[in-house]
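Engineer: Below are the structure tokens for one structure; questions will follow.
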Amino acid sequence: MRGRITPRRIVIEGKGTVKQDVSQDTRDRAGAAGAASDVVLPSLGFFGTLRWAWTQLTSMRTALFLLLLLAVAAVPGSLFPQRPANPAVVTQYLQDNPDTGPVLDWFQLFDVYSSVWFSAIYLLLFVSLIGCVVPRAIAHFRAVRSKPPRTPRRLSRLPVYGTLEVPADRAREAGLTPSSAAEQAAVLLKKRGYRVDVRDAGTDRPSVGAERGLAKELGNLVFHTSLIGVLVSVAVGGLFGYNGQKVVVEGDSFVNTLIGYDSFSPGSNFSDDRLEPYSLRLDSFDVRFDREQESHYGQPLDFTAELTTQDGPGRDEEQQVLKVNEPLSIGGTNVYLVGNGYAPVVTVRDGEGNVASQGPVVSVPSDGLYTSLIVIKAPDARPEQLGFVGFFLPTAFVDEDGVSFSRDPDPFNPQLNLNSYYGDLGLDDGTPENVYVLDTENLTELNSRNNDAGGIVLGVGQTYDLPEGKGSITFDGLKRYVALDIHHDPGEVGALVFSTLALLGLTASLFIGRRRLWVRTGEHPDGRIMLEYGLLARGEDHRLAAEGQAVGKLLADHWLVASGTTGDHREQEAASSAAGSGQSHHNAKDN
Amino acid sequence: MPVPVNAELGQASELFMLLASIAYMVALVFFVLDLVKSSTTISTLETRLARADAPARTLAGVGARGTGSTSAATVPATADDSMDYGAGPRRGRARIAVALTVLAALIHGTAVVTRGVAAHRVPWGNMYEFCTTGAFLVAVIFLVTLTRKDLRFVGSFVVGLVVIMLCAATVGFPTPVANLIPALQSYWLVVHVSIAVASSAMFTITFAMSVLQLLQTSREAKLLAGKADTAKFLRLVPSALSLENLSYRLNAIAFVGWTFTLMAGAIWAEQAWGRYWGWDTKEVWTFVIWTVYAGYLHARATRGWTGTRAAWLSIVGYLCIVFNFTIVNIYFSGLHSYAG
């Protein structure tokens with residue numbers, strides 16, 4: 001076989017990434033808008049103006065502008081405190097900045113993501129997106145149903161081009177005609193994943209039109225459509241979802257009803273019959289701190305809440321474990337462990353010797369060592385109501401200045417440091433009061449570091465008698481509590497499904513090459529069967545040249561089976577371009 | 001239950017990290033020397049060529065100019081646009097630089113792995129580890145790309161950034177090896193953070209290429225206008241268009257990675273904090289970065305926005321990443337405050 005059959009010429013004029021056709025999609029999208037804005041038009045009339053505005057809005061340039069604008073508009077939300085996340089910080093900010101605060105507020109800079117301007121940008125972007133996706137989807141649907149585009153007159157003008165010839169004797173042996181060559185090429189290309197169409201069969205110059213990578217555009221459409229799906233899912237969650245917070249002390253229970261929550265934010269379409277009345281009880285809460293390492297001594301390692309749950313009244317009880325990162329799914333909601341702290345058990349007796357308040361009081365940790373703020377209110381105390389405010393220290397320690405502080409997050413030496421007050425706590429008029437704040441304005445100080453009586457310092461089991469016979473306070477014991485977030489978001493699954501689709505679509509649209517390929521055949525008067533083929537990419541495609549080489553090899557291998565044209569194409573390319581356009585014989589060397 | 005960390009191994013890891021930094025430094029020196037040396041070589045070559053070429057050109061007239069009698073002055077870039085290895089003078093210094101980078105990356109890899117072994121977990125749980133593991137990925141991705149394309153021209157920039165990242169880790173966020181706090185104890189840490197670091201590493205490389213692209217564009221414009229070549233080292237760099245095309249390919253991969261980061265982060269946020277999206281500062285900036293790079297991808301298909309403007313978007317995107325990693329992590333309060 002050696003030397004008998006020689007592929008005379010395989011010229012691949014690859015140009016790497018094909019730039020001139022990149023703007024194809026641009027033309028699809030922005031072409032009309034570009035043309036419209038370039039010329040001075042006469043009066044458009046109302047509908048004309050609308051149409052003009054629509055074309056502008058759906059142009060790629062506008063989409064790009066809106067995208068960048070959206071990026072810029074999102075930034076202030078990270079610079080200023082936001083109401084949905086931190087309402088208290090916003091209130092504080094407004095108090096601290098009485099001049100600039102209201103101005104910023106007027107511009108909705110504390111509610112950036114629900115502000116008019118932010119919403120306007122993303123809604124316009126999505127309208128623009130729909131305006132772009134719908135026509136493209138229609139065009140794509142047509143493209144999928146129609147045959148590959150007609151064969152260009154001059155294939156040699158395409159960015160990747162190659163030729164091939166089957167010697168006359170070989171063609172005669174195989175009974176090859178231009179038409180059968182085209183048919184065979186079509187079969188080969190089909191196997192390679194192209195959809196093919198043979199045209200002009202039976203004529204002198206039959207050709208094959210082939211196309212592959214339609215999934216690229218499909219992926220693009222799926223990606224953009226899925227973004228709309230994500231937006232809709234978010235909206236569904238906002239409409240029908242709800243979330244609430246509840247602090248549960250060891251031994252206490254929570255029932256999923258409106259009054260069961262400490263705070264509750266319903267979605268706009270919420271109604272309270274959506275709450276399933278499940279209940280959960282905190283049996284115990286275990287915390288482990290790092291005791292091994294000096295550098296991270298006392299850093300938390302593990303939080304575990306043991307719960308007993310019940311799907312509804314009268315249902316079976318179940319033991320469950322709740323941890324950070326491992327939410328509990330119950331009654332259509334997810335329950336999250338978002339915080340924890342200490343709840344000292346305190347008994348307050350009033351001036352008449354009766355128990356005015358008894359039970360665990362939730363303290364709010366202010367640092368990693370659980371130095372916690374605590375407020376105790378005893379509105380039932382007689383003759384005067386009593387109030388206490390101060391610190392709970394898990395491991396109390398006194399420094400050289402006499403200031404108490406906590407040295408460890410674990411309760412090695414639990415201690416209460418309190419000031420006490422008597423008078424009207426202001427709870428009787430029904431105004432909602434923050435349980436973690438004691439308004440001392442209408443109260444008279446009993447104990448404080450600054451008065452003669454001094455502050456109250458209590459260890460576990462100790463009792464302190466208040467001055468002037470106002471009563472007493474006892475530190476009975478210590479419990480832990482957990483702060484739970486309870487969420488119900490019906491849009492969550494949709495958001496996950498659509499964002500996954502978006503990711504798949506994006507991957508397809510970026511990495512699939514959409515290519516068109518044509519093969520034209522003909523017969524030389526001396527009996528040789530001549531083939532030429534050209535490739536064109538739609539969109540960016542840096543592998544077009546490689547594909548051209550692969551297709552060239554595929555065709556060559558098919559007809560020139562034993563020719564062994566597996567040499568280095570780059571070498572051949574160099575050699576053949578050196579030899580100019582004429583017939584080159586260099587392949588004889590390769591064989 | 002977390003196993004106690006191995007502090008000695010942690011210290012060994014820090015020593016490896018130091019050694020790796022030194023190796024990178026030396027590699028950086030050689031990359032820079034290569035730029036200088038190659039630039040001089042080409043200059044000498046050009047002068048000689050120009051002298052030999054001058055009479056011929058006078059005779060041939062203007063018509064001969066475009067046809068490939070490559071008189072160096074008319075060719076803006078001498079580097080091969082396909083960025084394949086092949087012809088061209090041997091660049092000994094560049095070879096040493098690459099070899100040193102490989103060595104440094106090996107030491108660096110050892111440091112990253114020992115850190116993970118010492119802590120019994122993936123080595124990306126705090127700022128120090130994000131930086132060191134991220135820098136390692138930058139080096140690895142660069143070296144992997146080098147096996148396919150001759151990107152040595154960008155070496156001094158990339159290795160320079162790796163050195164900066166390692167310095168930032170050791171000077172800015174030194175953290176002894178430790179266990180994870182409960183909020184980070186999730187397999188999503190492995191998925192979310194690793195992809196985020198890998199994508200950022202890729203964006204780092206495209207950032208370097210986009211900067212070069214801008215420099216090259218202005219140089220090409222200058223040369224076309226017939227002005228003197230003031231940035232001769234850029235002759236080692238391919239044309240602005242080739243740079244743009246290659247950085248687009250890398251950016252496309254990194255963008256998919258970033259999209260995945262965003263999604264995995266949302267899933268993790270749903271598990272840890274009870275909502276998949278809450279406009280936490282970190283989420284805001286991840287979204288901003290995503291949007292900027294989405295803008296970049298769209299710009300590549302918009303007339304008038306390819307080339308320089310797209311390169312600027314790529315640079316702005318990277319600056320956002322740096323901002324997100326440094327300023328947002330350290331100064332902005334938010335749920336992602338894991339600087340410790």
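Identifiers for the structure tokens are assigned positionally: chains receive A, B, ... in sequence, residues are indexed from 1 per chain, and ligands are indexed from 1 in the order shown.
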Determine which residues of chain A sit within 7 Å of chain B, taking into account only C-alpha atoms, and present them as a PyMOL selection string.
Structural biologist: chain A and resi 22-23+25-26+60-61+64+67-68+71+74-75+78+292+295-296+300-303+324-327+336+338+485+487+503+507+510
Engineer: Can you pull out the residues contacting Leu35 (chain B)? Cut-off 8 Å, using only C-alpha atoms, and skip same-chain residues under 3 positions away; I want them as a PyMOL selection string.
Structural biologist: chain B and resi 31-32+38-39+153+233+236
Engineer: Neighbouring residues of Phe498 (chain A) were defined as those with any atom within 7 Å, considering only C-alpha atoms; residues of the same chain fewer than 4 positions away were excluded. Please report them as a ChimeraX atom specification.
Structural biologist: /A:226,229-230,494,502
Engineer: Those residues you just picked out, can you put them in a file as a short mmCIF file (atom, residue, chain, number, x, y, z; two decimals), in the first residue's frame with all heavy atoms?
Structural biologist:
data_model
loop_
_atom_site.label_atom_id
_atom_site.label_comp_id
_atom_site.auth_asym_id
_atom_site.auth_seq_id
_atom_site.Cartn_x
_atom_site.Cartn_y
_atom_site.Cartn_z
N SER A 226 -34.07 29.98 33.44
CA SER A 226 -33.98 29.53 34.82
C SER A 226 -33.79 30.70 35.77
O SER A 226 -34.25 30.66 36.91
CB SER A 226 -32.81 28.56 34.98
OG SER A 226 -33.01 27.45 34.15
N GLY A 229 -36.98 31.75 36.63
CA GLY A 229 -37.52 30.78 37.59
C GLY A 229 -37.02 31.04 39.00
O GLY A 229 -37.79 30.95 39.96
N VAL A 230 -35.74 31.36 39.13
CA VAL A 230 -35.18 31.65 40.45
C VAL A 230 -35.89 32.86 41.05
O VAL A 230 -36.30 32.85 42.22
CB VAL A 230 -33.66 31.90 40.36
CG1 VAL A 230 -33.12 32.44 41.68
CG2 VAL A 230 -32.93 30.63 39.97
N GLY A 494 -37.95 25.30 44.45
CA GLY A 494 -37.92 25.90 43.12
C GLY A 494 -36.61 26.62 42.87
O GLY A 494 -36.01 26.47 41.80
N ALA A 502 -29.93 26.45 35.78
CA ALA A 502 -29.16 27.58 35.26
C ALA A 502 -27.69 27.20 35.12
O ALA A 502 -27.05 27.51 34.12
CB ALA A 502 -29.30 28.78 36.20
#
Engineer: Extract, using only C-alpha atoms, all DNA, RNA and protein residues at most 8 Å from Gly339 (chain A), discarding same-chain residues fewer than 3 positions from it, and format them as number ranges by chain.
Structural biologist: A: 482-484
Engineer: Could you pull the residues within 7 Å of region 125-129 of chain A, counting only C-alpha atoms, minus those fewer than 6 positions along the same chain, as a PyMOL selection string?
Structural biologist: chain A and resi 57-58+63+66
Engineer: Show which residues sit within 8 Å of region 379-381 of chain A, as number ranges by chain. Count only C-alpha atoms, and ignore same-chain residues fewer than 2 positions away.
Structural biologist: A: 349-351, 354-357, 377, 383-387, 425, 427
